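> Let me begin by handing over the structure; questions about it come next.
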Amino acid sequence: MRVVDLDRDMSDVIPTGTTRDSEYLFDRMTDLTLELTRPGPGKRILDVASGFGQDAIALCAQGASVVGAEPSARMTAWARLKSGEATGPLPHWVRGWSDALPFPDDFFDASFCKGALDHFDQPERAIAEMARVTAPGGRVVLAIANFDSLACRAARRADDLREGILSRPVRRGRRHYDVPADHFTRYEIELMREQMSRHVELEEVRGVSMLWGLPSWNRAVQRMPESAADAALRGLDRLADAVPSLADVVVLAGRPRPTLAAAA
Ligand SMILES: C[S@@+](CC[C@H](N)C(=O)[O-])C[C@H]1O[C@@H](n2cnc3c(N)ncnc32)[C@H](O)[C@@H]1O
């Protein structure tokens, strides 16, 4: 039995734009993910779990021919509504599961999946499908939240200290390093590499943002003058890219491995 809520929206999970560090993280993750698909006029690109469709619409505006595949009826309806407001060429919206993509082999120049792999009940099957529908030499790109980031490690240590050594009561509610209820997998960089490498020859492993969501950092960055906040966020982002295992989000890109059938 599948346990995906086909009527869900994301108002509960995406705090985009609410704070400087959130805004920075979501913008940077989006820019890097789309850039790594190598978009351009005439490129055929697949957005897997396209959600509200904003990324597919942005790639269309760069001249690509884009398909957004998404199982949720509500998300697909939102995407159609949103694309009604856009001008110029629009994506094609297709209802579809990531583990059985309704496209022929080698159909796309690139496929990407942003912020959704950990929601899938069969994530590795989804990666295999993305590799199958992407042409040899094309690009498969995944952007995944890292639950072993520096921020998660620091928050866990602080709670261990509070609850273990200082004997304070366990805080109520979801903690920074707890995986949300609608995630199936707690990803850290080794698991990302392992699952992706079975289907994709990894070419880039990039880190995005550091310390996102840590309450003390969040408060500090809100209080800084805007230019200082920007410089700090950009500096941490560079550090995240140098040490992706500690980044808030990891973006992985590579070309599909030839399947046994294709190699024969
Ligand atoms: C957090 S949203 C991300 C949406 C979009 N990629 C973005 O960055 O805004 C996760 C999406 O995964 C979709 N989803 C969940 N399980 C799925 C599955 N097995 N196959 C394809 N999509 C799925 C949900 O419907 C939801 O739209």
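For the structure tokens, the naming scheme is as follows: chains receive sequential letters (A, B, ...) according to their order of presentation, residues are indexed from 1 within each chain, and ligands are indexed from 1 in presentation order.
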Show which residues sit within 6 Å of Met210 in chain A, as a PyMOL selection string. Count only C-alpha atoms, and ignore same-chain residues fewer than 4 positions away.

chain A and resi 236+240+247-248

> Restricting it to N, CA and C atoms, dump the selection as an mmCIF file, in the first residue's frame.


```
data_model
loop_
_atom_site.group_PDB
_atom_site.id
_atom_site.type_symbol
_atom_site.label_atom_id
_atom_site.label_comp_id
_atom_site.auth_asym_id
_atom_site.auth_seq_id
_atom_site.Cartn_x
_atom_site.Cartn_y
_atom_site.Cartn_z
ATOM 1 N N LEU A 236 29.574 31.104 4.794
ATOM 2 C CA LEU A 236 29.229 29.750 5.251
ATOM 3 C C LEU A 236 28.886 28.839 4.077
ATOM 4 N N ALA A 240 30.443 25.318 3.161
ATOM 5 C CA ALA A 240 29.600 24.139 2.911
ATOM 6 C C ALA A 240 30.014 23.452 1.614
ATOM 7 N N ALA A 247 27.231 20.288 5.153
ATOM 8 C CA ALA A 247 26.303 21.277 4.579
ATOM 9 C C ALA A 247 24.857 20.961 4.960
ATOM 10 N N ASP A 248 23.989 21.980 4.853
ATOM 11 C CA ASP A 248 22.565 21.768 5.144
ATOM 12 C C ASP A 248 21.885 20.952 4.035
#
```

> Considering only C-alpha atoms and all ligand atoms, tabulate each residue of chain A that lies at most 6 Å from ligand 1 along with its nearest interatomic pair and the corresponding distance in Å to one decimal; arrange the rows by chain and ascending residue number and present them as a tab-separated table.


```
residue	atom	partner	partner_atom_place_in_ligand_line	distance
A:Val4	CA	ligand 1	16 (N)	5.6
A:Ala49	CA	ligand 1	22 (N)	4.0
A:Ser50	CA	ligand 1	6 (N)	4.4
A:Gly51	CA	ligand 1	27 (O)	3.7
A:Glu70	CA	ligand 1	22 (N)	5.1
A:Pro71	CA	ligand 1	22 (N)	5.4
A:Ser72	CA	ligand 1	25 (O)	4.6
A:Met75	CA	ligand 1	27 (O)	5.9
A:Trp97	CA	ligand 1	20 (N)	3.9
A:Ser98	CA	ligand 1	20 (N)	3.8
A:Cys113	CA	ligand 1	6 (N)	5.9
A:Lys114	CA	ligand 1	6 (N)	4.4
A:Gly115	CA	ligand 1	3 (C)	4.9
A:Ala116	CA	ligand 1	10 (C)	4.1
A:His119	CA	ligand 1	15 (C)	5.0
A:Phe120	CA	ligand 1	19 (N)	4.2
A:Asp121	CA	ligand 1	19 (N)	5.7
```

> Which of these residues is nearest to Val200 in chain A, using only C-alpha atoms: A:Ile127, A:Gly42, A:Tyr187, A:Asp106?

A:Ile127

> Quick one: residues within 12 Å of Ile45 in chain A, only C-alpha atoms, excluding same-chain residues fewer than 2 positions away - as number ranges by chain?

A: 34-43, 47-48, 50, 55-60, 62-69, 91-92, 103, 106-113, 130, 133-135, 138-141

> Compile the contact shell of Asp21 in chain A as number ranges by chain: residues with an atom at most 8 Å away, counting only C-alpha atoms, same-chain residues fewer than 2 positions apart removed.

A: 19, 23-25, 212-213, 218, 221, 233

> Please identify all polymer residues within 6 Å of range 251-253 of chain A, counting only C-alpha atoms, omitting same-chain residues fewer than 5 positions from it, and present them as a ChimeraX atom specification.

/A:140-143,202-206

> Write out as JSON, numbers by chain each polymer residue whose atoms come within 9 Å of Arg80 in chain A, counting only C-alpha atoms; drop sequence neighbours fewer than 5 positions from it.

{"A": [52, 53, 75, 93]}

> Atoms to include: C-alpha atoms. Write the selected residues as a PDB file, in the first residue's frame.


```
ATOM      1  CA  PHE A  52       4.167  23.596  -7.215  1.00  0.00           C
ATOM      2  CA  GLY A  53       6.116  23.634 -10.494  1.00  0.00           C
ATOM      3  CA  MET A  75       0.329  19.907  -6.293  1.00  0.00           C
ATOM      4  CA  TRP A  93       2.509  18.565 -16.302  1.00  0.00           C
TER       5      TRP A  93
END
```

> Using DSSP on the backbone, list every residue of range 184-222 of chain A that comes out as helix (DSSP H, G or I), and give them as a ChimeraX atom specification.

/A:189-197,215-222

> Store the residues picked out above, limited to N, CA and C atoms, as a tab-separated table (two decimals), in the first residue's frame.


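Heads up, here's the output in selection.tsv:
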```tsv
chain	number	residue	atom	x	y	z
A	189	ILE	N	25.56	12.15	3.83
A	189	ILE	CA	26.23	12.19	2.53
A	189	ILE	C	26.66	10.79	2.02
A	190	GLU	N	27.04	9.90	2.92
A	190	GLU	CA	27.50	8.59	2.45
A	190	GLU	C	26.36	7.81	1.81
A	191	LEU	N	25.17	7.90	2.42
A	191	LEU	CA	24.01	7.21	1.85
A	191	LEU	C	23.62	7.82	0.50
A	192	MET	N	23.71	9.15	0.42
A	192	MET	CA	23.41	9.80	-0.87
A	192	MET	C	24.36	9.28	-1.96
A	193	ARG	N	25.66	9.29	-1.63
A	193	ARG	CA	26.67	8.85	-2.61
A	193	ARG	C	26.44	7.39	-3.01
A	194	GLU	N	26.17	6.56	-1.99
A	194	GLU	CA	26.03	5.13	-2.23
A	194	GLU	C	24.85	4.85	-3.17
A	195	GLN	N	23.68	5.44	-2.84
A	195	GLN	CA	22.49	5.16	-3.66
A	195	GLN	C	22.66	5.73	-5.06
A	196	MET	N	23.21	6.94	-5.14
A	196	MET	CA	23.31	7.57	-6.46
A	196	MET	C	24.35	6.86	-7.33
A	197	SER	N	25.47	6.45	-6.71
A	197	SER	CA	26.57	5.87	-7.50
A	197	SER	C	26.19	4.56	-8.16
A	215	PRO	N	18.77	27.80	16.22
A	215	PRO	CA	18.10	29.00	16.72
A	215	PRO	C	19.05	30.16	17.01
A	216	SER	N	20.23	29.88	17.61
A	216	SER	CA	21.12	31.00	17.95
A	216	SER	C	21.66	31.68	16.69
A	217	TRP	N	22.01	30.87	15.67
A	217	TRP	CA	22.50	31.44	14.41
A	217	TRP	C	21.38	32.19	13.70
A	218	ASN	N	20.20	31.60	13.72
A	218	ASN	CA	19.05	32.23	13.08
A	218	ASN	C	18.78	33.62	13.67
A	219	ARG	N	18.83	33.71	15.00
A	219	ARG	CA	18.58	35.01	15.66
A	219	ARG	C	19.68	36.00	15.32
A	220	ALA	N	20.95	35.49	15.35
A	220	ALA	CA	22.08	36.39	15.09
A	220	ALA	C	21.99	36.97	13.68
A	221	VAL	N	21.68	36.13	12.72
A	221	VAL	CA	21.68	36.59	11.32
A	221	VAL	C	20.50	37.54	11.07
A	222	GLN	N	19.42	37.37	11.81
A	222	GLN	CA	18.28	38.29	11.68
A	222	GLN	C	18.63	39.68	12.21
```

> Out of A:Asp99, A:Arg238, A:Tyr177, A:Val249, which residue has the shortest atom-to-atom distance to Thr30 in chain A when counting only C-alpha atoms?

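Of A:Asp99, A:Arg238, A:Tyr177, A:Val249, the one nearest Thr30 in chain A, counting only C-alpha atoms, is A:Val249.
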
> Check the DSSP output for the backbone and give back, as a VMD selection string, the residues of range 34-214 of chain A in strand (DSSP E).

chain A and resid 44 to 48 65 to 69 92 to 94 108 to 114 134 to 145 200 to 208

> Atoms to include: C-alpha atoms. Write the selected residues as an mmCIF file, in the first residue's frame.


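Output file result-v2.cif is given in full below:
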```
data_model
loop_
_atom_site.group_PDB
_atom_site.id
_atom_site.type_symbol
_atom_site.label_atom_id
_atom_site.label_comp_id
_atom_site.auth_asym_id
_atom_site.auth_seq_id
_atom_site.Cartn_x
_atom_site.Cartn_y
_atom_site.Cartn_z
ATOM 1 C CA ARG A 44 14.661 18.474 -22.640
ATOM 2 C CA ILE A 45 14.540 18.451 -18.847
ATOM 3 C CA LEU A 46 12.483 16.398 -16.394
ATOM 4 C CA ASP A 47 11.561 17.710 -12.934
ATOM 5 C CA VAL A 48 10.740 14.679 -10.755
ATOM 6 C CA SER A 65 11.501 22.085 -22.893
ATOM 7 C CA VAL A 66 10.415 20.852 -19.466
ATOM 8 C CA VAL A 67 8.184 18.126 -18.074
ATOM 9 C CA GLY A 68 7.087 18.230 -14.435
ATOM 10 C CA ALA A 69 6.119 14.806 -13.071
ATOM 11 C CA HIS A 92 4.020 19.863 -19.533
ATOM 12 C CA TRP A 93 2.509 18.565 -16.302
ATOM 13 C CA VAL A 94 2.297 14.799 -15.962
ATOM 14 C CA PHE A 108 15.683 13.678 -21.559
ATOM 15 C CA ASP A 109 18.950 15.623 -21.634
ATOM 16 C CA ALA A 110 18.674 16.031 -17.858
ATOM 17 C CA SER A 111 16.476 14.990 -14.976
ATOM 18 C CA PHE A 112 16.466 16.475 -11.513
ATOM 19 C CA CYS A 113 14.758 15.995 -8.183
ATOM 20 C CA LYS A 114 14.925 18.748 -5.595
ATOM 21 C CA THR A 134 18.220 10.473 -19.137
ATOM 22 C CA ALA A 135 20.313 10.151 -22.304
ATOM 23 C CA PRO A 136 23.918 8.857 -22.107
ATOM 24 C CA GLY A 137 26.154 11.809 -21.322
ATOM 25 C CA GLY A 138 23.149 13.714 -19.911
ATOM 26 C CA ARG A 139 22.725 14.862 -16.326
ATOM 27 C CA VAL A 140 20.966 13.451 -13.288
ATOM 28 C CA VAL A 141 20.800 15.960 -10.417
ATOM 29 C CA LEU A 142 19.591 15.389 -6.849
ATOM 30 C CA ALA A 143 19.267 18.000 -4.090
ATOM 31 C CA ILE A 144 18.833 16.375 -0.679
ATOM 32 C CA ALA A 145 18.592 17.668 2.906
ATOM 33 C CA VAL A 200 24.942 7.474 -11.924
ATOM 34 C CA GLU A 201 28.627 8.230 -12.418
ATOM 35 C CA LEU A 202 29.050 11.012 -9.913
ATOM 36 C CA GLU A 203 30.696 14.133 -11.306
ATOM 37 C CA GLU A 204 29.884 16.749 -8.654
ATOM 38 C CA VAL A 205 29.026 16.661 -4.960
ATOM 39 C CA ARG A 206 28.266 20.193 -3.793
ATOM 40 C CA GLY A 207 27.346 21.593 -0.398
ATOM 41 C CA VAL A 208 24.808 24.378 0.133
#
```

> CA of Ala151 in chain A and CA of Leu211 in chain A are how many Å apart?

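Between CA of Ala151 in chain A and CA of Leu211 in chain A the gap works out to 4.5 Å.
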
> For Ala61 in chain A, find every residue with an atom within 9 Å (counting only C-alpha atoms), except residues of its own chain fewer than 5 positions away, and show them as a list in words.

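Near Ala61 in chain A, the qualifying residues are Ala56, Thr87, Gly88, Pro89 and Leu90 of chain A.
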
> Can those selected residues be exported to a file as a PDB file, in the first residue's frame so that it contains N, CA, C and O atoms?


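Generated file (again-v2.pdb):
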```pdb
ATOM      1  N   ALA A  56      10.287  24.049 -12.746  1.00  0.00           N
ATOM      2  CA  ALA A  56      10.031  23.700 -14.152  1.00  0.00           C
ATOM      3  C   ALA A  56       9.709  24.976 -14.940  1.00  0.00           C
ATOM      4  O   ALA A  56      10.203  25.169 -16.061  1.00  0.00           O
ATOM      5  N   THR A  87       4.171  33.829 -18.561  1.00  0.00           N
ATOM      6  CA  THR A  87       4.091  34.084 -20.000  1.00  0.00           C
ATOM      7  C   THR A  87       5.166  33.242 -20.684  1.00  0.00           C
ATOM      8  O   THR A  87       6.112  32.810 -20.040  1.00  0.00           O
ATOM      9  N   GLY A  88       5.030  33.019 -21.976  1.00  0.00           N
ATOM     10  CA  GLY A  88       6.032  32.246 -22.706  1.00  0.00           C
ATOM     11  C   GLY A  88       5.753  30.764 -22.618  1.00  0.00           C
ATOM     12  O   GLY A  88       4.713  30.336 -22.111  1.00  0.00           O
ATOM     13  N   PRO A  89       6.730  29.962 -23.073  1.00  0.00           N
ATOM     14  CA  PRO A  89       6.525  28.512 -23.104  1.00  0.00           C
ATOM     15  C   PRO A  89       6.347  27.945 -21.694  1.00  0.00           C
ATOM     16  O   PRO A  89       6.966  28.432 -20.740  1.00  0.00           O
ATOM     17  N   LEU A  90       5.531  26.929 -21.567  1.00  0.00           N
ATOM     18  CA  LEU A  90       5.221  26.357 -20.249  1.00  0.00           C
ATOM     19  C   LEU A  90       5.612  24.885 -20.191  1.00  0.00           C
ATOM     20  O   LEU A  90       5.677  24.219 -21.223  1.00  0.00           O
TER      21      LEU A  90
END
```
